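K.L.:
Please read through the structure below; I'll follow up with questions.
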Amino acid sequence: MSDQRRSIPITRPFLGHEEVIEAEAAILSGWLTQGSRVAAFEEEFARFVGAPHACAVSSCTAALHLALHALGVGPGDEVVTVSHTFIATANAARLCGARPVFVDIDPRTFNMDPTLLERAITPRTRAILPVHQIGLPCDLESILDIARRHQLPVVEDAACAIGGEVLVNGEWARIGRPHGVVACFSFHPRKVITTGEGGMLTTRDPQLDRRFRRLRQHAMSLPDTVRHASRTVVFEEYPEMGFNYRMTDLQAAVGLAQLRRLPGLLEERIRQALRYSRGLREIRGLRAPFVPCHARPNYQSYAVEVTPDYPLSRDQLMQHLLDQGVSTRRGIMNVHQEPAYEGLGPYHLPCSEAARDSSILLPLFPGMTDEDGDFVLRELNRFR
């Protein structure tokens, strides 16, 4: 392929014949909604991350909302989180009637700055919601220490972070173990593994897990699988309001195949990221992602900072790459700069705002060739 005809997307889900086989079996079984395949997917996911319990839902947004709701977050409460994240993080708090309180980020990691966390806690605070941004684990040990002192639950937004590892108390563990009360994952097509849409909550608390399972299915006292398998007539009850946050067996079937691929997908992402990082050492004005000593990222996305030393602005560079057939994305959005959050401030988040406006996400996905990666690096280096 000539460079003129090259087209490199920002990402592409890695799906194949294995997923087709699993999906076909689910379709032919006649059971498409939440059933045995969802249960199997939960079991395999929990085993992979090292969690006692995993509960599948329809999206990570649903997972975040369900986690906060089950922990009793409600109107008049505050949830301390970051603005530098996808809007769903803050929306989950607002769906509970609570107010998100934004903490600025560490400009090196783009994750919550723990040194700013404590001053954001008030008597109204009911939860702390850190984000493992674009697959880089946050400084969870410091955040957990502050949370313990204030007796606050930590809900980890791990939407992008499956396969990432974090160092806590001298021990490496996969994100989702979890170290907080709950960790929430996404299976959107831009994530490391996908079920099309979907999410997962992991927890150590069996009572909380049981509550998640009831609430995701309208708070029904009996799940469909129990009712259909019963040899006697049984009737379900609805003791409280719940939600329709179920994952389907069709999605879970694809997820089971994706989980089997996961170790290889992670290995390939890390390999490609390291090639980028080596190449960027030679390009003045572009800064490769910083990886702190407490984190092992999965490189769900690869964020490069465009500094004033680079000949082009960030937006000019994005346009140049697009003209060459290379898709990129701007840095992670800031919730507080979106119209939906106008009037909820004032906010002073200089590092978050600088990160959004100076960073660029480069293409990175399993199936991307080394030739494509080299082409991206050559175009980045063209203006040296």
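Order determines the names: the first chain of the structure tokens is A, the second B, and so forth; residues in each chain are numbered 1 upward, and ligands are numbered 1 upward as they are shown.
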Hey, what's within 12 Å of Thr109 of chain A if we count only C-alpha atoms and toss same-chain stuff fewer than 3 positions away? As a ChimeraX atom specification, please?

P.N.:
/A:84,104-106,112-114,131-139,287-295,297,302-305,332,351-352,355,359

K.L.:
Which of segment 71-207 of chain A end up as helix (DSSP H, G or I) when DSSP is run on this backbone - answer as JSON, numbers by chain?

P.N.:
{"A": [88, 89, 90, 91, 92, 93, 94, 95, 114, 115, 116, 118, 119, 120, 133, 134, 135, 140, 141, 142, 143, 144, 145, 146, 147, 148, 149, 150, 206, 207]}

K.L.:
If we count only C-alpha atoms and set the cut-off at 8 Å, which residues sit around Phe185 of chain A, ignoring sequence neighbours fewer than 2 positions away in its own chain? Please answer as an MDAnalysis selection string.

P.N.:
chainID A and resid 60 63 157:162 183 187 199:201

K.L.:
Mind checking DSSP for segment 134-342 of chain A and telling me the strand (DSSP E or B) residues as number ranges by chain?

P.N.:
A: 154-157, 165-168, 171-174, 182-186, 199-203, 217, 244, 286-287, 295-296, 302-306, 326, 329-330, 334

K.L.:
Determine, counting only C-alpha atoms, which protein, DNA and RNA residues have an atom within 9 Å of an atom of segment 115-129 of chain A; residues of the same chain fewer than 3 positions away are not included. Present the result as a VMD selection string.

P.N.:
chain A and resid 68 71 to 74 76 to 82 89 101 to 105 112 142 to 143 146 to 147 150 152 to 157

K.L.:
Filtering to N, CA, C and O atoms, could you give me those residues as a CSV table (one decimal), in the first residue's frame?

P.N.:
```
chain,number,residue,atom,x,y,z
A,68,LEU,N,-22.7,3.6,42.8
A,68,LEU,CA,-23.0,4.7,43.7
A,68,LEU,C,-24.4,4.6,44.3
A,68,LEU,O,-24.6,4.8,45.5
A,71,LEU,N,-24.4,2.1,47.1
A,71,LEU,CA,-23.7,2.6,48.3
A,71,LEU,C,-24.5,3.7,49.0
A,71,LEU,O,-24.0,4.3,50.0
A,72,GLY,N,-25.6,4.1,48.5
A,72,GLY,CA,-26.5,5.0,49.2
A,72,GLY,C,-26.3,6.5,48.8
A,72,GLY,O,-26.8,7.4,49.5
A,73,VAL,N,-25.5,6.7,47.7
A,73,VAL,CA,-25.3,8.1,47.3
A,73,VAL,C,-26.6,8.6,46.7
A,73,VAL,O,-27.3,8.0,45.9
A,74,GLY,N,-27.0,9.8,47.2
A,74,GLY,CA,-28.3,10.4,46.8
A,74,GLY,C,-28.3,11.9,46.7
A,74,GLY,O,-27.3,12.5,46.8
A,76,GLY,N,-28.2,15.7,47.3
A,76,GLY,CA,-27.6,16.5,48.3
A,76,GLY,C,-26.2,16.0,48.6
A,76,GLY,O,-25.4,16.7,49.3
A,77,ASP,N,-25.8,14.8,48.2
A,77,ASP,CA,-24.5,14.2,48.5
A,77,ASP,C,-23.5,14.8,47.5
A,77,ASP,O,-23.8,15.3,46.4
A,78,GLU,N,-22.2,14.5,47.8
A,78,GLU,CA,-21.1,14.9,46.9
A,78,GLU,C,-20.3,13.7,46.6
A,78,GLU,O,-20.1,12.8,47.5
A,79,VAL,N,-19.8,13.5,45.4
A,79,VAL,CA,-18.9,12.5,45.0
A,79,VAL,C,-17.6,13.2,44.4
A,79,VAL,O,-17.7,13.9,43.4
A,80,VAL,N,-16.5,12.9,45.0
A,80,VAL,CA,-15.2,13.5,44.6
A,80,VAL,C,-14.6,12.7,43.5
A,80,VAL,O,-14.4,11.5,43.6
A,81,THR,N,-14.4,13.3,42.3
A,81,THR,CA,-13.8,12.7,41.2
A,81,THR,C,-13.0,13.6,40.4
A,81,THR,O,-12.6,14.7,40.9
A,82,VAL,N,-12.7,13.3,39.1
A,82,VAL,CA,-12.0,14.2,38.2
A,82,VAL,C,-12.9,14.7,37.1
A,82,VAL,O,-13.8,14.0,36.7
A,89,THR,N,-18.5,9.4,33.9
A,89,THR,CA,-18.0,9.3,35.3
A,89,THR,C,-18.8,10.3,36.2
A,89,THR,O,-19.4,9.9,37.2
A,101,VAL,N,-17.7,16.6,42.6
A,101,VAL,CA,-16.7,17.6,43.0
A,101,VAL,C,-15.4,17.3,42.3
A,101,VAL,O,-14.9,16.2,42.5
A,102,PHE,N,-14.9,18.2,41.5
A,102,PHE,CA,-13.7,17.8,40.7
A,102,PHE,C,-12.4,18.2,41.3
A,102,PHE,O,-12.2,19.3,41.8
A,103,VAL,N,-11.5,17.2,41.2
A,103,VAL,CA,-10.1,17.4,41.7
A,103,VAL,C,-9.2,17.5,40.4
A,103,VAL,O,-9.4,16.7,39.5
A,104,ASP,N,-8.2,18.3,40.5
A,104,ASP,CA,-7.3,18.4,39.3
A,104,ASP,C,-6.4,17.2,39.2
A,104,ASP,O,-6.3,16.4,40.2
A,105,ILE,N,-5.8,17.1,38.1
A,105,ILE,CA,-4.9,15.9,37.8
A,105,ILE,C,-3.5,16.2,38.0
A,105,ILE,O,-3.0,17.3,38.0
A,112,MET,N,-6.0,11.5,38.8
A,112,MET,CA,-6.3,12.3,40.0
A,112,MET,C,-5.0,12.6,40.8
A,112,MET,O,-4.2,11.7,41.1
A,142,SER,N,-2.3,5.9,47.6
A,142,SER,CA,-2.5,7.2,48.3
A,142,SER,C,-4.0,7.6,48.5
A,142,SER,O,-4.4,8.1,49.5
A,143,ILE,N,-4.8,7.3,47.4
A,143,ILE,CA,-6.2,7.6,47.5
A,143,ILE,C,-6.9,6.8,48.5
A,143,ILE,O,-7.8,7.3,49.3
A,146,ILE,N,-6.3,8.1,52.1
A,146,ILE,CA,-7.1,9.3,52.4
A,146,ILE,C,-8.6,8.8,52.6
A,146,ILE,O,-9.2,9.3,53.6
A,147,ALA,N,-9.1,7.9,51.8
A,147,ALA,CA,-10.4,7.4,52.0
A,147,ALA,C,-10.6,6.7,53.3
A,147,ALA,O,-11.7,6.9,54.0
A,150,HIS,N,-11.1,9.1,56.2
A,150,HIS,CA,-12.4,9.8,56.2
A,150,HIS,C,-13.5,8.9,56.1
A,150,HIS,O,-14.7,9.3,56.0
A,152,LEU,N,-14.6,6.8,53.8
A,152,LEU,CA,-15.3,6.9,52.6
A,152,LEU,C,-15.1,5.7,51.6
A,152,LEU,O,-13.9,5.3,51.5
A,153,PRO,N,-16.1,5.3,50.9
A,153,PRO,CA,-15.9,4.2,50.0
A,153,PRO,C,-15.2,4.7,48.7
A,153,PRO,O,-15.4,5.9,48.3
A,154,VAL,N,-14.4,3.9,48.1
A,154,VAL,CA,-13.7,4.2,46.8
A,154,VAL,C,-14.3,3.3,45.7
A,154,VAL,O,-14.3,2.1,45.8
A,155,VAL,N,-14.9,4.0,44.7
A,155,VAL,CA,-15.4,3.3,43.5
A,155,VAL,C,-14.4,3.6,42.4
A,155,VAL,O,-14.2,4.8,42.0
A,156,GLU,N,-13.8,2.6,41.9
A,156,GLU,CA,-12.8,2.8,40.8
A,156,GLU,C,-13.4,2.8,39.4
A,156,GLU,O,-14.1,1.8,39.1
A,157,ASP,N,-13.3,3.9,38.7
A,157,ASP,CA,-13.7,3.9,37.3
A,157,ASP,C,-12.5,3.3,36.5
A,157,ASP,O,-11.5,3.9,36.2
```

K.L.:
Report as an MDAnalysis selection string all protein, DNA and RNA residues lying within 8 Å of Pro366 of chain A, evaluated on only C-alpha atoms, omitting residues in the same chain fewer than 5 positions from it.

P.N.:
chainID A and resid 12 14 265 268:269

K.L.:
Rank nothing, just name the residue among A:Arg278, A:Gln34, A:Phe365, A:Ser221 nearest to Tyr238 of chain A, using only C-alpha atoms.

P.N.:
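Counting only C-alpha atoms, the residue closest to Tyr238 of chain A is A:Ser221.
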
K.L.:
What does the distance from atom CA of Glu22 of chain A to atom CA of Met247 of chain A come to in Å, to one decimal?

P.N.:
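So the two atoms, atom CA of Glu22 of chain A and atom CA of Met247 of chain A, lie 15.5 Å apart.
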
K.L.:
Report the closest atom pair, with its distance in Å rounded to one decimal, for each residue of segment 167-193 of chain A that has an atom no farther than 12 Å from segment 250-261 of chain A; count only C-alpha atoms, sort by chain and then rising residue number, and write it as CSV.

P.N.:
```
residue,atom,partner,partner_atom,distance
A:Ser186,CA,A:Gly255,CA,11.4
A:Phe187,CA,A:Gly255,CA,8.3
A:His188,CA,A:Gly255,CA,11.1
A:Pro189,CA,A:Gln258,CA,11.4
A:Lys191,CA,A:Gln258,CA,11.3
A:Val192,CA,A:Gln258,CA,9.1
A:Ile193,CA,A:Gln258,CA,5.8
```

K.L.:
How about saving the chosen residues, C-alpha atoms kept, as a PDB file, in the first residue's frame?

P.N.:
```pdb
ATOM      1  CA  SER A 186     -16.364  -1.049  30.086  1.00  0.00           C
ATOM      2  CA  PHE A 187     -16.578  -3.346  27.058  1.00  0.00           C
ATOM      3  CA  HIS A 188     -17.185  -0.612  24.479  1.00  0.00           C
ATOM      4  CA  PRO A 189     -15.480  -1.301  21.103  1.00  0.00           C
ATOM      5  CA  LYS A 191     -11.704  -0.784  24.992  1.00  0.00           C
ATOM      6  CA  VAL A 192      -9.151  -3.612  25.195  1.00  0.00           C
ATOM      7  CA  ILE A 193     -11.880  -6.266  24.917  1.00  0.00           C
TER       8      ILE A 193
END
```

K.L.:
Which one is closest to Ala23 of chain A: A:Arg210, A:Arg37, A:His218, A:Arg329? Count only C-alpha atoms.

P.N.:
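Checking each candidate against Ala23 of chain A, we get A:Arg37 as the closest.
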
K.L.:
Return the single residue from A:Ala62, A:Ala92, A:Leu140, A:Leu32 that is closest to Asn111 of chain A, with distances computed using only C-alpha atoms.

P.N.:
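Once distances to Asn111 of chain A are computed over only C-alpha atoms, the minimum belongs to A:Leu140.
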
K.L.:
Measuring between only C-alpha atoms, which one of A:Pro339, A:Pro107, A:Gly367, A:Pro100 shows the shortest distance to Ala354 of chain A?

P.N.:
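Going through A:Pro339, A:Pro107, A:Gly367, A:Pro100 one by one, the smallest distance to Ala354 of chain A is for A:Pro107.
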
K.L.:
Nearest residue to Ile175 of chain A out of A:Thr203, A:Leu286, A:Gly196, A:Asp145, using only C-alpha atoms?

P.N.:
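Smallest distance to Ile175 of chain A is found for A:Thr203.
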
K.L.:
Grab the atom CA of Ala67 of chain A to atom CA of Glu19 of chain A distance for me, in Å with one decimal place.

P.N.:
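That distance, rounded to one decimal, is 29.3 Å.
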
K.L.:
Which is closest to Thr61 of chain A among A:Gly164, A:Tyr245, A:Glu353, A:Asp224, if we use only C-alpha atoms?

P.N.:
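Between A:Gly164, A:Tyr245, A:Glu353, A:Asp224, the residue approaching Thr61 of chain A most closely is A:Tyr245.
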
K.L.:
Excluding His320 of chain A and residues on its chain fewer than 6 positions from it, collect all residues at most 12 Å away from it, counting only C-alpha atoms, and give them as a list of chain:residue names.

P.N.:
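The residues satisfying every condition are A:Leu312, A:Ser313, A:Arg314, A:Val326, A:Ser327, A:Thr328, A:Val376, A:Glu379, A:Leu380, A:Asn381, A:Arg382, A:Phe383.
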